[in-house]
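Asks: Questions regarding the structure given below will be posed in turn.
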Amino acid sequence: MDEEYDVIVLGTGLKECILSGLLSVDGLKVLHMDRNDYYGGASTSLNLNQLWKRFRGDDKPPESLGPSKEYNVDMIPKFMMANEVLVRILIHTDVTKYLNFKAVDGSFVYNKGKIYKVPATDVEALKSPLMGLFEKRRARKFFIYVQDYEDSDPKSHEGLDLNKITARDLISKYGLEDDTVDFIGHALALYLDDSYLDQPAMDFVKRMKLYAESLARFQGGSPYIYPMYGLGELPQGFARLSAVYGGTYMLNKPDCSIVFDDSGKVTGVSSEGETAKCKKVVHKVGRVTRAICIMSHPIPDTKESHSVQVILPQKQLGRKSDMYLFCCSYTHNVAAKGKHIAFVTTEAETDNPEAELKPGIDLLGPVDEIFYDTYDRYEPTNEPESDNCFISTSYDATTHFESTVKDVITLYRKITGKELDLSVDLNDASAAPEE
């Protein structure tokens, strides 16, 4: 351990493993350390016995749930969009050779007490029961504008400069109702709150196009894909990548402490009497409330979807933040035959998680087992330019990778001083359709 490295990465969560993989591919000498004796950190996947030990102590899971080894329950469950940046990173690093993906059945949104499929195109808008007849026509025109918009084709802009007008201005041009704006902004463009309405419309349109293009890629019921055996496979895939490019891994390293010099800059990391020297450290700090549910059926009103995301926009619940339902099943090899794993997550706004999560849990139907959990969420306050200590933000309540990957790319840019080149052929990505 008493060597010098370009970068030392602390923690083997998904963000940290992606970073170590990218930095290793760039030719940097990377040491990756974790206090645990397993990969994944907060984003690991647990079998049934591990899940029970974490939330029920010495109790044993009932035999009716099936074999423990058939479960891979993600602690930070998230789907990835077929055309999103994470998929580009997987292709760029060739981590796809370590993983198999499967398309996700459905993408839904909660509106006025019911669950509806998210319409993403002009054709789907005309068919959607979310809107009345006249609103469907207005929405169809809006979707056509978004679908046809191209940066390089001024004719498709219809005289609008999306870098100058706000998303609110663009929406008002088409006269869309508040409920329509609600599902478009939160379930299609995947914004966390309504602040996007007063930002330039370009990002809004690009997010909608990403959703529609991802939906079209695998011709499934949603724009999302998900790895077989759960997300715990992702950190391990990037860990293998880093090792192939010379990265060094040290698990089960307790009491890691960061060493600074007199000027306040990082000089290394010490553990068990040894110190690894480095120039830069990536360190994971880690209030999201959630319910983890085991069920014997899909979420009702989702067309019997074995894997699905349902977004409950904040206004529909009278909240400050959205609520997310994530469900996956034995078809992705994350549960025993006939079993489904559902998560209900949201940013905590009270100290009563059971009451706070009830609107989402009520949509699940009968539940075999339920576990409640709340974890703190942190953001770094240091100045990495001064101390060379680069800290990732904690995982948020979303069930998609938008914010996670944005954090990784920001860290990469700060550490290397360059932009990540992700000009890859997305056709190299593949996912099996749901059965």
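Here's how to read the names in the structure tokens: chain A, B, ... by the order shown, residue numbers from 1 in each chain, ligand numbers from 1 in the order shown.
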Write out as a PyMOL selection string all residues of stretch 102-214 of chain A that DSSP puts in strand (DSSP E or B) for this structure's backbone.

Replies: chain A and resi 102-103+106-111+114-117+166+200

Asks: Now that the selection is made, can you save its residues with all heavy atoms as a CSV table (one decimal), in the first residue's frame?

Replies:
chain,number,residue,atom,x,y,z
A,102,LYS,N,-32.0,-6.0,-20.1
A,102,LYS,CA,-33.3,-6.3,-20.5
A,102,LYS,C,-34.2,-5.1,-20.5
A,102,LYS,O,-34.1,-4.2,-19.6
A,102,LYS,CB,-33.9,-7.4,-19.6
A,102,LYS,CG,-35.1,-8.2,-20.3
A,102,LYS,CD,-35.4,-9.4,-19.4
A,102,LYS,CE,-36.4,-10.3,-20.1
A,102,LYS,NZ,-36.7,-11.5,-19.2
A,103,ALA,N,-35.0,-4.9,-21.5
A,103,ALA,CA,-35.9,-3.8,-21.6
A,103,ALA,C,-36.9,-3.8,-20.5
A,103,ALA,O,-37.3,-4.8,-20.0
A,103,ALA,CB,-36.7,-3.8,-22.9
A,106,GLY,N,-42.7,-0.9,-18.6
A,106,GLY,CA,-43.6,0.3,-18.7
A,106,GLY,C,-43.1,1.5,-18.0
A,106,GLY,O,-42.4,1.4,-17.1
A,107,SER,N,-43.6,2.7,-18.5
A,107,SER,CA,-43.3,4.0,-17.9
A,107,SER,C,-44.7,4.7,-17.7
A,107,SER,O,-45.4,4.9,-18.6
A,107,SER,CB,-42.4,4.8,-18.7
A,107,SER,OG,-42.2,6.1,-18.2
A,108,PHE,N,-45.0,5.0,-16.4
A,108,PHE,CA,-46.3,5.5,-16.1
A,108,PHE,C,-46.3,6.7,-15.2
A,108,PHE,O,-45.2,7.0,-14.7
A,108,PHE,CB,-47.2,4.4,-15.3
A,108,PHE,CG,-47.5,3.2,-16.2
A,108,PHE,CD1,-46.5,2.2,-16.4
A,108,PHE,CD2,-48.7,3.0,-16.8
A,108,PHE,CE1,-46.8,1.1,-17.1
A,108,PHE,CE2,-49.0,1.9,-17.5
A,108,PHE,CZ,-48.1,0.9,-17.7
A,109,VAL,N,-47.4,7.4,-15.1
A,109,VAL,CA,-47.5,8.6,-14.3
A,109,VAL,C,-48.8,8.6,-13.6
A,109,VAL,O,-49.8,8.1,-14.1
A,109,VAL,CB,-47.3,9.9,-15.2
A,109,VAL,CG1,-48.5,10.0,-16.2
A,109,VAL,CG2,-47.2,11.2,-14.4
A,110,TYR,N,-48.7,9.2,-12.4
A,110,TYR,CA,-49.9,9.3,-11.5
A,110,TYR,C,-50.6,10.6,-11.7
A,110,TYR,O,-49.9,11.7,-11.7
A,110,TYR,CB,-49.5,9.2,-10.1
A,110,TYR,CG,-50.5,9.3,-9.0
A,110,TYR,CD1,-51.3,8.2,-8.7
A,110,TYR,CD2,-50.7,10.5,-8.3
A,110,TYR,CE1,-52.3,8.3,-7.7
A,110,TYR,CE2,-51.7,10.6,-7.3
A,110,TYR,CZ,-52.5,9.5,-7.0
A,110,TYR,OH,-53.4,9.7,-6.0
A,111,ASN,N,-51.9,10.6,-12.0
A,111,ASN,CA,-52.6,11.8,-12.2
A,111,ASN,C,-54.1,11.7,-11.7
A,111,ASN,O,-54.8,10.8,-12.1
A,111,ASN,CB,-52.7,12.1,-13.7
A,111,ASN,CG,-53.3,13.5,-14.1
A,111,ASN,OD1,-54.6,13.5,-14.3
A,111,ASN,ND2,-52.6,14.5,-14.1
A,114,LYS,N,-55.2,8.2,-10.4
A,114,LYS,CA,-55.0,7.0,-11.3
A,114,LYS,C,-53.7,7.0,-11.9
A,114,LYS,O,-52.9,7.9,-12.0
A,114,LYS,CB,-56.1,7.0,-12.4
A,114,LYS,CG,-57.5,6.9,-11.8
A,114,LYS,CD,-58.5,6.9,-13.0
A,114,LYS,CE,-60.0,6.7,-12.5
A,114,LYS,NZ,-61.0,6.7,-13.6
A,115,ILE,N,-53.3,5.8,-12.4
A,115,ILE,CA,-52.0,5.5,-13.1
A,115,ILE,C,-52.3,5.5,-14.6
A,115,ILE,O,-53.2,4.8,-15.1
A,115,ILE,CB,-51.4,4.2,-12.6
A,115,ILE,CG1,-51.0,4.4,-11.1
A,115,ILE,CG2,-50.2,3.9,-13.5
A,115,ILE,CD1,-50.4,3.1,-10.6
A,116,TYR,N,-51.5,6.2,-15.4
A,116,TYR,CA,-51.6,6.3,-16.8
A,116,TYR,C,-50.2,6.0,-17.5
A,116,TYR,O,-49.2,6.4,-16.9
A,116,TYR,CB,-52.1,7.6,-17.3
A,116,TYR,CG,-53.5,8.0,-16.8
A,116,TYR,CD1,-53.6,8.7,-15.6
A,116,TYR,CD2,-54.6,7.7,-17.5
A,116,TYR,CE1,-54.8,9.1,-15.1
A,116,TYR,CE2,-55.9,8.1,-17.0
A,116,TYR,CZ,-56.0,8.8,-15.9
A,116,TYR,OH,-57.2,9.1,-15.4
A,117,LYS,N,-50.2,5.4,-18.6
A,117,LYS,CA,-49.0,5.3,-19.4
A,117,LYS,C,-48.5,6.7,-19.8
A,117,LYS,O,-49.4,7.5,-20.2
A,117,LYS,CB,-49.2,4.4,-20.6
A,117,LYS,CG,-47.9,4.2,-21.4
A,117,LYS,CD,-48.2,3.4,-22.7
A,117,LYS,CE,-46.9,3.0,-23.4
A,117,LYS,NZ,-46.1,4.2,-23.8
A,166,THR,N,-38.0,30.8,-22.3
A,166,THR,CA,-38.1,29.8,-21.2
A,166,THR,C,-39.0,28.6,-21.6
A,166,THR,O,-39.8,28.7,-22.6
A,166,THR,CB,-38.6,30.4,-20.0
A,166,THR,OG1,-40.0,30.8,-20.1
A,166,THR,CG2,-37.8,31.6,-19.5
A,200,PRO,N,-34.0,28.4,-19.8
A,200,PRO,CA,-34.1,28.3,-21.3
A,200,PRO,C,-34.7,26.9,-21.7
A,200,PRO,O,-34.4,25.9,-21.1
A,200,PRO,CB,-32.6,28.4,-21.7
A,200,PRO,CG,-32.0,29.2,-20.6
A,200,PRO,CD,-32.7,28.8,-19.3

Asks: Sort by chain and increasing residue number a table of all residues of stretch 312-385 of chain A within 12 Å of stretch 255-272 of chain A, each with its closest pair of atoms and their distance in Å to one decimal, counting only C-alpha atoms, and write it as JSON lines.

Replies:
{"residue": "A:Asn382", "atom": "CA", "partner": "A:Gly264", "partner_atom": "CA", "distance": 11.3}
{"residue": "A:Glu383", "atom": "CA", "partner": "A:Lys265", "partner_atom": "CA", "distance": 10.5}
{"residue": "A:Pro384", "atom": "CA", "partner": "A:Lys265", "partner_atom": "CA", "distance": 9.1}
{"residue": "A:Glu385", "atom": "CA", "partner": "A:Lys265", "partner_atom": "CA", "distance": 9.2}

Asks: Run DSSP on the backbone and grab whatever in stretch 169-360 of chain A lands in helix (DSSP H, G or I); send it over as JSON, numbers by chain.

Replies: {"A": [169, 170, 171, 172, 173, 174, 178, 179, 180, 181, 182, 183, 184, 185, 186, 187, 188, 194, 195, 196, 197, 198, 201, 202, 203, 204, 205, 206, 207, 208, 209, 210, 211, 212, 213, 214, 215, 216, 217, 233, 234, 235, 236, 237, 238, 239, 240, 241, 242, 243, 244, 314, 315, 316, 317, 330, 331, 332, 353, 354, 355, 356, 357, 358, 359, 360]}

Asks: With only C-alpha atoms as the atoms that count, which of A:Met81, A:Leu160, A:Leu65, A:Val205 lies nearest to A:Phe218?

Replies: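 Closest residue, counting only C-alpha atoms: A:Met81.
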
Asks: Calculate how many Å separate atom CA of A:Glu274 from atom CA of A:Phe390, rounding to one decimal.

Replies: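 That distance, rounded to one decimal, is 21.8 Å.
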
Asks: For stretch 147-234 of chain A versus stretch 66-73 of chain A, which residues have an atom no more than 10 Å away, and what is each residue's nearest atom pair and distance in Å rounded to one decimal, using only C-alpha atoms, chain-then-number order, as a tab-separated table?

Replies:
residue	atom	partner	partner_atom	distance
A:Met228	CA	A:Asn72	CA	9.6
A:Tyr229	CA	A:Asn72	CA	6.0
A:Gly230	CA	A:Asn72	CA	5.9
A:Leu231	CA	A:Asn72	CA	8.5
A:Gly232	CA	A:Asn72	CA	7.8
A:Glu233	CA	A:Asn72	CA	9.8

Asks: Store the residues picked out above in a file with N, CA and C atoms, as a PDB file, in the first residue's frame.

Replies:
ATOM      1  N   MET A 228     -29.707  -7.532 -15.947  1.00  0.00           N
ATOM      2  CA  MET A 228     -30.096  -8.793 -15.327  1.00  0.00           C
ATOM      3  C   MET A 228     -29.330  -8.945 -14.014  1.00  0.00           C
ATOM      4  N   TYR A 229     -29.981  -9.463 -13.016  1.00  0.00           N
ATOM      5  CA  TYR A 229     -29.427  -9.665 -11.674  1.00  0.00           C
ATOM      6  C   TYR A 229     -29.238  -8.364 -10.901  1.00  0.00           C
ATOM      7  N   GLY A 230     -29.817  -7.264 -11.382  1.00  0.00           N
ATOM      8  CA  GLY A 230     -29.831  -6.032 -10.603  1.00  0.00           C
ATOM      9  C   GLY A 230     -28.647  -5.120 -10.816  1.00  0.00           C
ATOM     10  N   LEU A 231     -28.737  -3.939 -10.219  1.00  0.00           N
ATOM     11  CA  LEU A 231     -27.728  -2.903 -10.424  1.00  0.00           C
ATOM     12  C   LEU A 231     -26.412  -3.194  -9.718  1.00  0.00           C
ATOM     13  N   GLY A 232     -26.415  -4.147  -8.787  1.00  0.00           N
ATOM     14  CA  GLY A 232     -25.173  -4.514  -8.129  1.00  0.00           C
ATOM     15  C   GLY A 232     -24.122  -4.984  -9.119  1.00  0.00           C
ATOM     16  N   GLU A 233     -24.578  -5.397 -10.323  1.00  0.00           N
ATOM     17  CA  GLU A 233     -23.634  -5.826 -11.353  1.00  0.00           C
ATOM     18  C   GLU A 233     -22.849  -4.653 -11.946  1.00  0.00           C
TER      19      GLU A 233
END
